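Asks: So here's start-v1.cif, just mmCIF, C-alpha atoms:
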data_work
loop_
_atom_site.label_atom_id
_atom_site.label_comp_id
_atom_site.auth_asym_id
_atom_site.auth_seq_id
_atom_site.Cartn_x
_atom_site.Cartn_y
_atom_site.Cartn_z
CA MET K 297 66.79 16.46 -56.73
CA ASN K 298 70.07 15.25 -55.26
CA PHE K 299 73.47 16.96 -55.23
CA SER K 300 76.78 15.16 -55.64
CA GLU K 301 79.95 15.96 -53.76
CA CYS K 302 82.02 18.86 -55.08
CA PHE K 303 84.94 18.28 -57.44
CA GLN K 304 87.81 20.64 -58.11
CA GLN K 305 87.79 22.61 -61.38
CA THR K 306 89.35 25.76 -62.83
CA SER K 307 87.90 28.60 -64.91
CA ASP K 308 84.43 26.95 -64.93
CA LEU K 309 85.63 24.59 -67.69
CA VAL K 310 83.04 21.83 -67.31
CA ALA K 311 81.16 20.24 -70.22
CA TYR K 312 79.00 17.18 -70.89
CA SER K 313 79.76 15.09 -73.96
CA PRO K 314 77.16 15.49 -76.74
CA ASP K 315 76.04 11.87 -76.24
CA GLY K 316 75.51 12.51 -72.51
CA ASN K 317 77.79 9.68 -71.33
CA PHE K 318 80.66 11.74 -69.89
CA VAL K 319 81.38 15.02 -68.16
CA ALA K 320 84.81 16.64 -68.59
CA ASN K 321 86.47 19.37 -66.56
CA ALA K 322 89.80 21.15 -66.30
CA VAL K 323 91.93 21.22 -63.15
CA GLN K 324 94.87 23.50 -63.94
CA TYR K 325 96.83 21.50 -66.56
CA ARG K 326 94.85 18.27 -66.13
CA LEU K 327 91.77 17.14 -68.06
CA VAL K 328 89.48 14.90 -66.01
CA VAL K 329 86.72 12.86 -67.66
CA ARG K 330 84.04 11.25 -65.48
CA ASP K 331 81.14 8.93 -66.12
CA ALA K 332 78.02 11.11 -66.21
CA GLU K 333 75.97 8.65 -64.14
CA THR K 334 78.43 7.49 -61.46
CA LEU K 335 80.87 10.44 -61.60
CA GLN K 336 83.72 7.95 -61.38
CA VAL K 337 86.91 9.02 -63.18
CA ALA K 338 86.98 7.37 -66.61
CA ARG K 339 90.00 9.14 -68.11
CA MET K 340 92.63 11.64 -67.03
CA PHE K 341 94.97 13.50 -69.38
CA THR K 342 97.86 15.88 -68.70
CA CYS K 343 98.39 18.98 -70.85
CA VAL K 344 101.61 20.97 -71.16
CA ASP K 345 100.13 24.03 -69.44
CA VAL K 346 96.98 25.41 -67.82
CA LEU K 347 93.79 24.79 -69.83
CA GLN K 348 91.90 27.89 -70.95
CA PHE K 349 89.21 26.27 -73.09
CA LEU K 350 87.82 22.79 -73.73
CA GLN K 351 85.29 21.47 -76.23
CA TRP K 352 83.93 18.02 -77.06
CA SER K 353 83.86 16.90 -80.68
CA PRO K 354 80.30 16.50 -82.04
CA ASP K 355 80.69 12.69 -82.07
CA SER K 356 81.86 12.66 -78.40
CA GLN K 357 85.08 10.82 -79.29
CA PHE K 358 87.60 13.63 -78.87
CA ILE K 359 88.20 16.58 -76.55
CA LEU K 360 89.91 19.77 -77.69
CA CYS K 361 91.98 21.62 -75.07
CA ALA K 362 93.17 25.14 -75.88
CA LEU K 363 96.17 26.74 -74.18
CA TYR K 364 95.83 30.21 -75.67
CA ASP K 365 98.78 31.80 -73.86
CA ARG K 366 101.08 29.15 -75.32
CA GLY K 367 99.44 29.08 -78.76
CA ILE K 368 98.88 25.34 -78.36
CA ILE K 369 95.96 22.98 -78.96
CA GLN K 370 95.94 19.44 -77.54
CA ILE K 371 93.40 16.82 -78.60
CA TRP K 372 92.63 13.66 -76.64
CA ASN K 373 90.78 10.50 -77.66
CA ILE K 374 88.32 9.10 -75.12
CA GLU K 375 88.23 5.59 -76.56
CA HIS K 376 91.98 5.28 -77.16
CA SER K 377 93.82 7.09 -74.38
CA GLU K 378 97.23 6.43 -75.97
CA TRP K 379 96.28 8.58 -79.00
CA ASN K 380 96.87 12.32 -78.81
CA CYS K 381 97.50 15.28 -81.07
CA LYS K 382 99.26 18.59 -80.49
CA ILE K 383 98.90 21.71 -82.64
CA ASP K 384 101.37 24.56 -82.10
CA GLU K 385 100.58 27.89 -83.75
CA GLY K 386 103.88 29.31 -82.48
CA SER K 387 104.51 33.05 -82.57
CA ALA K 388 101.40 33.67 -84.70
CA GLY K 389 99.30 33.57 -81.55
CA LEU K 390 95.98 31.86 -80.92
CA ILE K 391 92.69 33.50 -79.98
CA ASP K 392 90.06 30.91 -80.91
CA ALA K 393 89.69 27.18 -81.60
CA CYS K 394 86.71 24.97 -82.37
CA TRP K 395 85.66 21.66 -83.89
CA SER K 396 84.25 21.40 -87.35
CA SER K 397 80.91 19.66 -87.79
CA ASP K 398 82.53 16.40 -88.98
CA SER K 399 84.61 15.92 -85.78
CA ARG K 400 87.75 15.37 -87.88
CA HIS K 401 88.88 18.96 -88.45
CA ILE K 402 89.83 21.75 -86.08
CA LEU K 403 89.61 25.46 -86.90
CA THR K 404 92.06 27.82 -85.19
CA THR K 405 92.14 31.60 -85.52
CA TRP K 406 95.36 33.59 -85.49
CA GLN K 407 95.84 36.62 -83.32
CA PHE K 408 94.41 39.85 -84.80
CA TYR K 409 92.15 37.65 -87.00
CA LEU K 410 94.82 37.36 -89.69
CA ARG K 411 93.56 33.97 -90.88
CA ILE K 412 91.83 30.73 -89.91
CA THR K 413 93.74 27.44 -90.13
CA VAL K 414 91.87 24.19 -90.84
CA TRP K 415 93.69 21.16 -89.41
CA SER K 416 92.71 17.68 -90.62
CA LEU K 417 93.18 14.97 -87.99
CA ALA K 418 92.57 12.17 -90.48
CA ALA K 419 94.55 13.34 -93.52
CA LYS K 420 97.09 15.33 -91.48
CA THR K 421 96.80 18.26 -93.86
CA VAL K 422 96.47 22.00 -93.30
CA SER K 423 94.34 24.56 -95.14
CA TYR K 424 94.12 28.32 -94.69
CA ILE K 425 91.22 30.76 -94.90
CA LYS K 426 92.11 34.45 -95.10
CA TYR K 427 90.36 37.61 -93.98
CA PRO K 428 88.04 36.38 -91.17
CA LYS K 429 86.22 39.33 -89.68
CA ASN K 430 86.81 40.40 -86.11
CA CYS K 431 83.28 40.16 -84.71
CA PRO K 432 81.50 38.08 -82.04
CA LYS K 433 79.95 35.56 -84.50
CA ASN K 434 82.07 35.39 -87.64
CA LYS K 435 81.38 31.77 -88.64
CA SER K 436 78.54 29.27 -88.61
CA PHE K 437 78.10 25.63 -89.64
CA SER K 438 74.91 24.52 -91.35
CA ARG K 439 72.70 22.25 -89.26
CA ASP K 440 73.52 19.21 -91.43
CA GLY K 441 77.22 19.99 -91.06
CA LYS K 442 77.91 20.13 -94.80
CA PHE K 443 78.78 23.82 -95.11
CA LEU K 444 80.64 26.55 -93.27
CA ALA K 445 79.65 30.20 -93.72
CA LEU K 446 82.40 32.69 -92.89
CA LEU K 447 82.03 36.44 -92.50
CA GLU K 448 85.06 38.23 -93.95
CA ARG K 449 86.38 41.77 -94.23
CA ARG K 450 88.18 42.58 -97.50
CA ASP K 451 89.11 46.07 -98.70
CA PHE K 452 86.80 47.71 -96.14
CA GLN K 453 83.86 45.62 -97.39
CA ASP K 454 81.95 42.82 -95.65
CA CYS K 455 82.00 39.54 -97.60
CA ILE K 456 80.65 36.02 -97.12
CA SER K 457 82.40 32.81 -98.14
CA ILE K 458 80.63 29.44 -98.06
CA PHE K 459 82.85 26.35 -97.89
CA ASN K 460 81.91 22.72 -98.59
CA VAL K 461 83.14 20.74 -95.57
CA ASN K 462 82.75 17.34 -97.25
CA SER K 463 84.69 18.38 -100.38
CA ASN K 464 87.98 19.20 -98.72
CA TRP K 465 86.80 22.69 -97.75
CA GLN K 466 86.41 23.86 -101.32
CA LEU K 467 84.93 27.31 -101.80
CA HIS K 468 81.27 26.91 -102.77
CA LYS K 469 80.41 30.60 -103.12
CA HIS K 470 81.93 33.99 -102.36
CA PHE K 471 79.97 37.25 -102.50
CA GLN K 472 79.88 40.76 -101.08
CA CYS K 473 77.47 41.58 -98.30
CA GLU K 474 75.31 44.72 -98.26
CA THR K 475 76.27 45.65 -94.72
CA GLU K 476 78.49 48.44 -93.49
CA ASP K 477 79.71 46.63 -90.37
CA ALA K 478 78.24 43.16 -89.87
CA ASN K 479 78.21 41.80 -86.32
CA GLY K 480 77.45 38.13 -87.00
CA ILE K 481 76.29 35.39 -89.32
CA GLU K 482 73.97 32.42 -88.78
CA TRP K 483 72.66 29.63 -90.98
CA ILE K 484 68.93 29.35 -91.53
CA PRO K 485 68.07 25.99 -89.89
CA ASP K 486 66.79 24.43 -93.14
CA GLY K 487 70.15 25.14 -94.79
CA SER K 488 68.68 27.32 -97.52
CA GLY K 489 70.86 30.33 -96.71
CA VAL K 490 72.33 32.60 -94.06
CA VAL K 491 71.30 35.59 -91.99
CA VAL K 492 73.71 38.49 -91.44
CA TRP K 493 73.08 41.32 -89.01
CA GLU K 494 74.60 44.65 -88.02
CA SER K 495 75.20 46.01 -84.55
CA LEU K 496 75.08 49.69 -85.47
CA ILE K 497 73.09 51.99 -87.73
CA PRO K 498 71.80 51.23 -90.39
CA ASN K 499 71.14 48.02 -88.39
CA ASN K 500 70.18 45.76 -91.29
CA LEU K 501 69.30 42.09 -90.97
CA ILE K 502 69.83 40.55 -94.41
CA VAL K 503 68.99 37.07 -95.69
CA TYR K 504 71.05 35.47 -98.49
CA ASP K 505 70.56 32.14 -100.21
CA MET K 506 73.36 29.67 -100.97
CA GLN K 507 74.22 31.46 -104.22
CA GLY K 508 74.56 34.89 -102.62
CA VAL K 509 71.20 36.22 -103.80
CA LYS K 510 69.56 38.58 -101.32
CA LYS K 511 66.16 37.16 -100.35
CA ALA K 512 65.08 39.65 -97.69
CA ASN K 513 66.22 42.71 -95.75
CA PHE K 514 64.67 43.57 -92.40
CA GLN K 515 65.48 47.05 -91.14
CA PRO K 516 63.71 48.38 -88.04
CA THR K 517 63.15 52.05 -87.33
CA SER K 518 66.13 54.38 -87.46
CA SER K 519 66.02 54.76 -83.68
CA THR K 520 66.91 51.08 -83.15
CA ALA K 521 70.52 50.75 -82.02
CA GLY K 522 71.34 47.56 -83.93
CA PHE K 523 71.17 43.84 -83.19
CA ARG K 524 73.20 42.22 -80.44
CA CYS K 525 71.99 38.60 -80.42
CA LEU K 526 69.52 36.36 -82.23
CA GLN K 527 68.24 32.79 -82.27
CA PHE K 528 65.93 30.64 -84.40
CA ASP K 529 63.28 28.55 -82.71
CA LYS K 530 63.42 24.76 -83.11
CA SER K 531 60.87 24.70 -85.93
CA ALA K 532 62.77 27.48 -87.74
CA SER K 533 59.50 29.38 -88.24
CA LEU K 534 60.51 32.21 -85.89
CA LEU K 535 63.62 34.30 -85.39
CA ALA K 536 64.12 36.23 -82.15
CA ALA K 537 66.51 39.19 -82.31
CA GLY K 538 67.60 41.38 -79.41
CA SER K 539 68.79 44.94 -79.97
CA PHE K 540 71.26 47.17 -78.15
CA ASP K 541 68.43 49.43 -76.99
CA GLY K 542 66.57 46.61 -75.23
CA ARG K 543 63.95 45.79 -77.84
CA LEU K 544 62.92 42.25 -78.77
CA PHE K 545 61.97 41.51 -82.38
CA ILE K 546 60.11 38.32 -83.37
CA LEU K 547 60.35 37.70 -87.12
CA ASN K 548 58.41 35.34 -89.36
CA THR K 549 61.02 33.39 -91.36
CA VAL K 550 58.72 33.03 -94.37
CA THR K 551 57.97 36.71 -94.91
CA TRP K 552 60.91 38.03 -92.83
CA LYS K 553 58.56 40.60 -91.35
CA ALA K 554 58.24 41.48 -87.67
CA LEU K 555 55.35 39.69 -85.98
CA CYS K 556 55.85 41.79 -82.88
CA ILE K 557 58.26 44.18 -81.17
CA ARG K 558 58.51 44.13 -77.39
CA GLY K 559 60.35 46.44 -75.01
CA HIS K 560 61.67 45.80 -71.51
CA GLU K 561 59.84 48.19 -69.22
CA THR K 562 61.23 49.36 -65.88
CA GLU K 563 57.81 48.83 -64.28
CA ILE K 564 55.88 45.57 -64.60
CA ASP K 565 52.12 45.16 -64.34
CA SER K 566 51.84 42.30 -61.85
CA VAL K 567 48.20 41.75 -62.80
CA ASP K 568 49.06 40.52 -66.30
CA THR K 569 52.51 39.11 -65.53
CA ILE K 570 53.67 36.67 -62.85
CA VAL K 571 56.47 38.29 -60.84
CA TYR K 572 58.77 36.31 -58.54
CA ARG K 573 61.20 38.06 -56.24
CA GLN K 574 64.10 36.42 -54.42
CA GLU K 575 63.78 36.92 -50.67
CA ASN K 576 66.39 36.02 -48.07
CA LYS K 577 65.62 34.55 -44.69
CA THR K 578 67.02 36.62 -41.82
CA PRO K 579 70.36 35.05 -40.80
CA ASP K 580 70.78 33.49 -37.37
CA LEU K 581 73.30 35.84 -35.74
CA SER K 582 73.54 33.63 -32.67
CA LEU K 583 75.68 31.13 -34.59
CA LYS K 584 79.37 31.14 -33.79
CA ASP K 585 81.10 31.33 -37.18
CA LEU K 586 80.52 33.30 -40.37
CA LYS K 587 80.05 30.17 -42.50
CA SER K 588 77.17 28.95 -40.34
CA ILE K 589 75.58 32.40 -40.38
CA ARG K 590 75.70 32.52 -44.18
CA GLN K 591 74.24 29.02 -44.44
CA SER K 592 71.32 30.05 -42.24
CA MET K 593 70.44 32.87 -44.66
CA GLN K 594 68.36 30.75 -47.02
CA SER K 595 66.57 32.17 -50.05
CA HIS K 596 63.20 31.55 -51.63
CA TYR K 597 61.01 33.00 -54.39
CA ALA K 598 58.13 35.18 -53.21
CA LEU K 599 55.15 35.88 -55.46
CA VAL K 600 54.73 39.65 -55.81
CA ASP K 601 51.13 40.80 -55.30
CA ASP K 602 51.66 44.52 -55.95
CA LYS K 603 49.79 45.92 -58.92
CA LYS K 604 52.96 47.57 -60.21
CA THR K 605 56.48 46.26 -59.67
CA GLU K 606 59.50 48.46 -60.30
CA LEU K 607 62.53 46.54 -61.52
CA PRO K 608 66.02 47.18 -60.11
CA LEU K 609 68.33 49.03 -62.49
CA LYS K 610 71.99 48.42 -63.18
CA GLU K 611 74.27 50.20 -60.73
CA ILE K 612 76.15 53.14 -62.23
CA CYS K 613 79.44 51.79 -60.91
CA GLU K 614 78.83 48.57 -62.86
CA GLN K 615 78.46 50.33 -66.20
CA THR K 616 82.01 49.67 -67.35
CA GLU K 617 81.19 47.97 -70.65
CA VAL K 618 79.95 49.71 -73.76
CA ALA K 619 77.55 46.88 -74.67
CA THR K 620 73.95 47.38 -73.53
CA GLY K 621 70.51 46.05 -74.37
CA ILE K 622 69.55 42.39 -74.69
CA SER K 623 72.70 40.39 -73.99
CA ARG K 624 71.15 36.92 -74.35
CA LEU K 625 67.96 35.16 -75.30
CA GLY K 626 66.85 31.58 -75.86
CA PHE K 627 63.86 29.49 -76.91
CA SER K 628 62.62 26.53 -74.86
CA HIS K 629 62.89 23.06 -76.42
CA ASN K 630 59.29 23.22 -77.70
CA SER K 631 59.47 26.90 -78.76
CA GLN K 632 56.60 27.80 -76.44
CA PHE K 633 58.65 30.16 -74.27
CA LEU K 634 61.53 32.58 -74.76
CA TYR K 635 63.78 34.13 -72.13
CA THR K 636 65.61 37.44 -72.44
CA VAL K 637 68.15 39.29 -70.30
CA ASN K 638 68.38 43.06 -70.62
CA ASP K 639 71.62 44.57 -69.33
CA ALA K 640 69.68 47.53 -67.94
CA HIS K 641 68.17 45.03 -65.45
CA PRO K 642 70.95 42.42 -64.97
CA GLN K 643 69.20 40.89 -61.94
CA CYS K 644 65.98 40.16 -63.85
CA LEU K 645 64.95 37.35 -66.17
CA PHE K 646 62.10 38.02 -68.62
CA ILE K 647 60.12 35.00 -69.86
CA TRP K 648 57.77 35.43 -72.83
CA LYS K 649 54.97 33.08 -73.88
CA ILE K 650 55.01 32.65 -77.64
CA SER K 651 51.55 31.11 -78.07
CA GLU K 652 49.75 34.04 -76.42
CA ILE K 653 50.64 36.86 -78.81
CA PHE K 654 54.16 36.98 -77.36
CA LYS K 655 52.96 37.97 -73.92
CA LEU K 656 55.35 38.64 -71.04
CA HIS K 657 54.54 35.58 -68.91
CA SER K 658 56.93 35.87 -65.95
CA VAL K 659 59.66 38.05 -64.50
CA LEU K 660 62.18 36.71 -61.98
CA ILE K 661 63.93 39.32 -59.80
CA HIS K 662 67.13 38.35 -57.97
CA LYS K 663 69.50 39.85 -55.43
CA GLU K 664 72.56 39.49 -57.68
CA SER K 665 73.15 39.77 -61.42
CA ILE K 666 72.38 36.72 -63.53
CA THR K 667 75.55 34.99 -64.74
CA ASP K 668 74.21 31.98 -66.63
CA ILE K 669 70.94 30.51 -67.93
CA ALA K 670 70.17 27.16 -69.56
CA TRP K 671 66.96 25.57 -70.82
CA ASP K 672 66.34 21.90 -70.14
CA PRO K 673 66.90 20.11 -73.50
CA ASN K 674 63.70 18.05 -73.14
CA GLU K 675 61.42 19.75 -70.62
CA THR K 676 59.93 23.23 -70.37
CA ARG K 677 62.05 24.36 -67.46
CA LEU K 678 65.20 26.43 -67.11
CA ALA K 679 67.98 26.81 -64.57
CA LEU K 680 69.87 29.98 -63.78
CA ALA K 681 72.80 31.12 -61.65
CA THR K 682 73.56 34.43 -59.92
CA THR K 683 76.95 33.82 -58.23
CA CYS K 684 75.40 32.74 -54.95
CA ASN K 685 75.00 29.34 -53.31
CA ASN K 686 71.52 28.80 -54.75
CA LEU K 687 70.16 27.00 -57.79
CA PHE K 688 67.21 28.85 -59.32
CA MET K 689 64.71 27.06 -61.57
CA TRP K 690 61.54 28.05 -63.40
CA SER K 691 58.76 26.23 -65.24
CA PRO K 692 55.23 27.29 -66.28
CA SER K 693 53.94 25.67 -63.09
CA GLY K 694 56.15 27.68 -60.73
CA SER K 695 59.62 28.66 -59.61
CA LEU K 696 62.11 27.11 -57.23
CA CYS K 697 65.14 28.23 -55.22
CA VAL K 698 67.35 25.52 -53.72
CA ARG K 699 70.40 26.07 -51.53
CA ILE K 700 73.36 23.98 -52.62
CA PRO K 701 74.85 21.88 -49.81
CA SER K 702 78.12 23.49 -48.72
CA THR K 703 80.65 20.71 -48.34
CA PRO K 704 83.31 21.61 -47.41
CA ASN K 705 83.04 25.25 -48.54
CA ILE K 706 80.25 27.48 -49.74
CA MET K 707 79.86 27.13 -53.52
CA ASN K 708 78.76 30.27 -55.34
CA VAL K 709 77.36 29.12 -58.70
CA SER K 710 78.43 31.19 -61.71
CA GLY K 711 77.83 28.69 -64.54
CA LEU K 712 75.74 25.64 -65.37
CA CYS K 713 75.11 23.12 -68.16
CA TRP K 714 72.53 20.38 -68.75
CA ASN K 715 73.14 16.80 -69.76
CA LYS K 716 71.29 16.09 -73.02
CA ASN K 717 69.13 13.45 -71.27
CA SER K 718 67.90 16.04 -68.71
CA LYS K 719 68.81 13.71 -65.85
CA SER K 720 71.55 15.93 -64.47
CA LEU K 721 72.77 19.50 -64.34
CA ALA K 722 76.38 20.55 -63.68
CA LEU K 723 76.87 23.62 -61.46
CA MET K 724 80.20 25.46 -61.55
CA GLY K 725 81.73 28.15 -59.35
CA SER K 726 84.22 28.96 -56.59
CA GLY K 727 86.86 26.65 -58.08
CA SER K 728 84.65 23.57 -57.87
CA TYR K 729 81.62 21.93 -59.45
CA CYS K 730 78.90 19.54 -58.43
CA VAL K 731 76.13 17.71 -60.25
CA CYS K 732 72.43 17.97 -59.50
CA PHE K 733 70.54 14.77 -60.39
CA PHE K 734 66.82 14.84 -61.20
CA SER K 735 64.22 12.09 -60.96
CA SER K 736 62.93 11.30 -64.44
CA ASP K 737 59.33 10.96 -63.27
CA LYS K 738 59.10 14.30 -61.46
CA ARG K 739 58.48 17.82 -62.61
CA LEU K 740 59.75 21.08 -61.17
CA SER K 741 56.66 21.57 -59.05
CA GLU K 742 57.33 18.23 -57.38
CA ALA K 743 61.10 18.65 -56.92
#
Show the structure stored in the file as structure tokens.

Replies:
Amino acid sequence: MNFSECFQQTSDLVAYSPDGNFVANAVQYRLVVRDAETLQVARMFTCVDVLQFLQWSPDSQFILCALYDRGIIQIWNIEHSEWNCKIDEGSAGLIDACWSSDSRHILTTWQFYLRITVWSLAAKTVSYIKYPKNCPKNKSFSRDGKFLALLERRDFQDCISIFNVNSNWQLHKHFQCETEDANGIEWIPDGSGVVVWESLIPNNLIVYDMQGVKKANFQPTSSTAGFRCLQFDKSASLLAAGSFDGRLFILNTVTWKALCIRGHETEIDSVDTIVYRQENKTPDLSLKDLKSIRQSMQSHYALVDDKKTELPLKEICEQTEVATGISRLGFSHNSQFLYTVNDAHPQCLFIWKISEIFKLHSVLIHKESITDIAWDPNETRLALATTCNNLFMWSPSGSLCVRIPSTPNIMNVSGLCWNKNSKSLALMGSGSYCVCFFSSDKRLSEA
């Protein structure tokens, strides 16, 4: 692997285009677009204020830039730099913005979730959707992009509205949801319906078809603290759901029954599970300056041979947020592995092997808390960041810890994102970003 020079960025706003040809980043009020291969500047746009969010359109032709404090959205065209669009929500406030699946509409959410506005770039028309629910995942597009499912709150009751994107956002179906306080909604990958889940007791996970008919209701034991995150595997045959009490549920999407339930233990049996621990080389204190001393303190993964390995717990002083349990999870591209992060052990990454009765395959223990994780889109390997100047990687064949060249300053990585072709990985942190390039004919064990 080879690292590029570092480029300036703000707020870790760096993103590859969906087609993999460009990488965009924010530098205060400027939007810089580079060629993903050469990293030469291809386009540069100037916004009216500091960027707080950016997102590529699904067709890679446009970039949405959100200036939340100003209530403004600016859209830029990569192919025609003279074209631009500005959306001003004014005093209503702006808390969220995103592209629709057709790349020709933008959805903005008013402050306090009063309503969602649908802006048409082609027809220059505006539509409004009332009563969006204030929850982490209140809307979802179907995989084919034809429908939008929106979770609403009307008269103290959860509701679901399904809109037809291709028919001028006409309402396809509206129905009440049998949840007391839904936390999110997600389309079933085959487009046959949606899944809605609750974050608190009675912690239901309910499946509805396109007509609002309830097809299934999964409810774990009363002691389960509700669902925090979930994800379908690529084949849509499995659904992984993480709860607030640190339990992992794997559901069969045909029967909607639990195939297994796994906990996150504080002590790992190193005989049955591969355990890697980050170890730091003793720094060379004879060096003259602090920067050189820090650079000499290189890290590596050490294979733990102890029969039992106790995992580090979250520091009490860090427990400032109410949210606990599994904060994120994700399937590999081939659905053979699944990673989870439990907030009780923020420095640890749990990797489960699906094909072996959902066995805990590996645990990676780090010095700092994990800040970002990303699977390779085409290979069974993942990259992770822990706000230090190292890139951590894992594959079934082993693990890897690489120090990022510090030029001119030490770069502590807090975020990362893959290019869709797997040839490069963007690393963000410390007000800059660099790109790690991979050889297409090499695997992690050979890197």

Asks: What does the PyMOL selection byres ((chain K and resi 632) around 7) select in this file, as number ranges by chain?

Replies: K: 628, 630-631, 633, 649-651

Asks: To one decimal place, how far is atom CA of Tyr427 of chain K from atom CA of Tyr409 of chain K in Å?

Replies: 7.2 Å

Asks: Could you tell me, as an NGL selection string, exactly which residues end up selected when the PyMOL selection byres ((chain K and resi 457-473) around 6) is applied to this structure?

Replies: :K and (442-446 or 454-456 or 474-475 or 508)

Asks: Between atom CA of Thr334 of chain K and atom CA of Ser691 of chain K, measure the distance and give it in Å to one decimal.

Replies: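 So the two atoms, atom CA of Thr334 of chain K and atom CA of Ser691 of chain K, lie 27.4 Å apart.
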
Asks: What do you get, as a list in words, if you spell out every residue that the PyMOL selection byres ((chain K and resi 639) around 8) selects here?

Replies: Lys610, Thr620, Gly621, Ile622, Ser623, Val637, Asn638, Ala640, His641 and Pro642 of chain K

Asks: Can you measure atom CA of Thr413 of chain K to atom CA of Cys343 of chain K for me? One decimal in Å is fine.

Replies: 21.6 Å

Asks: Find the spatial neighbours of Asn674 of chain K, counting all atoms listed in the file, within a cut-off of 10 Å - ignore same-chain residues fewer than 6 positions away - and output them as a list in words.

Replies: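 These residues fall inside the cut-off: Ser628, His629, Asn630, Lys716, Asn717, Ser718 and Lys719 of chain K.
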
Asks: Save out the residues we just selected, C-alpha atoms, as a short mmCIF file (atom, residue, chain, number, x, y, z; two decimals), in the frame of the given file.

Replies:
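part14.cif was written with the following content:
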data_model
loop_
_atom_site.label_atom_id
_atom_site.label_comp_id
_atom_site.auth_asym_id
_atom_site.auth_seq_id
_atom_site.Cartn_x
_atom_site.Cartn_y
_atom_site.Cartn_z
CA SER K 628 62.62 26.53 -74.86
CA HIS K 629 62.89 23.06 -76.42
CA ASN K 630 59.29 23.22 -77.70
CA LYS K 716 71.29 16.09 -73.02
CA ASN K 717 69.13 13.45 -71.27
CA SER K 718 67.90 16.04 -68.71
CA LYS K 719 68.81 13.71 -65.85
#

Asks: Go through K:Gly367, K:Gly538, K:Pro432, K:Pro314 and flag the residue nearest Ser399 of chain K, using only C-alpha atoms for the distances.

Replies: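 The answer is K:Pro314, which sits nearest to Ser399 of chain K.
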
Asks: Compile the contact shell of Ser377 of chain K as a compact mmCIF listing (two decimals) with C-alpha atoms, keeping the file's coordinate frame: residues with an atom at most 9 Å away, counting only C-alpha atoms, same-chain residues fewer than 5 positions apart removed.

Replies:
# COMPACT_ATOMS: atom_id res chain seq x y z
CA ARG K 339 90.00 9.14 -68.11
CA MET K 340 92.63 11.64 -67.03
CA PHE K 341 94.97 13.50 -69.38
CA TRP K 372 92.63 13.66 -76.64

Asks: Just want the 6 Å neighbourhood of Ser595 of chain K, counted on only C-alpha atoms, with same-chain residues fewer than 3 positions away dropped. Output as a list in words.

Replies: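 These residues fall inside the cut-off: Glu575, Asn576 and Lys577 of chain K.
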
Asks: Between K:Ser658, K:Asn715, K:Asn499, K:Thr549, which is the closest to Asp568 of chain K once you count only C-alpha atoms?

Replies: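 Looking only at the distances to Asp568 of chain K, the closest residue turns out to be K:Ser658.
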
Asks: Find the residues with any atom within 6 Å of (58.7, 45.1, -78.1); use all atoms listed in the file and the coordinates as given in the file, and write the answer as a list in words.

Replies: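 Taken together, the residues in range are Arg543, Leu544, Ile557, Arg558 and Gly559 of chain K.
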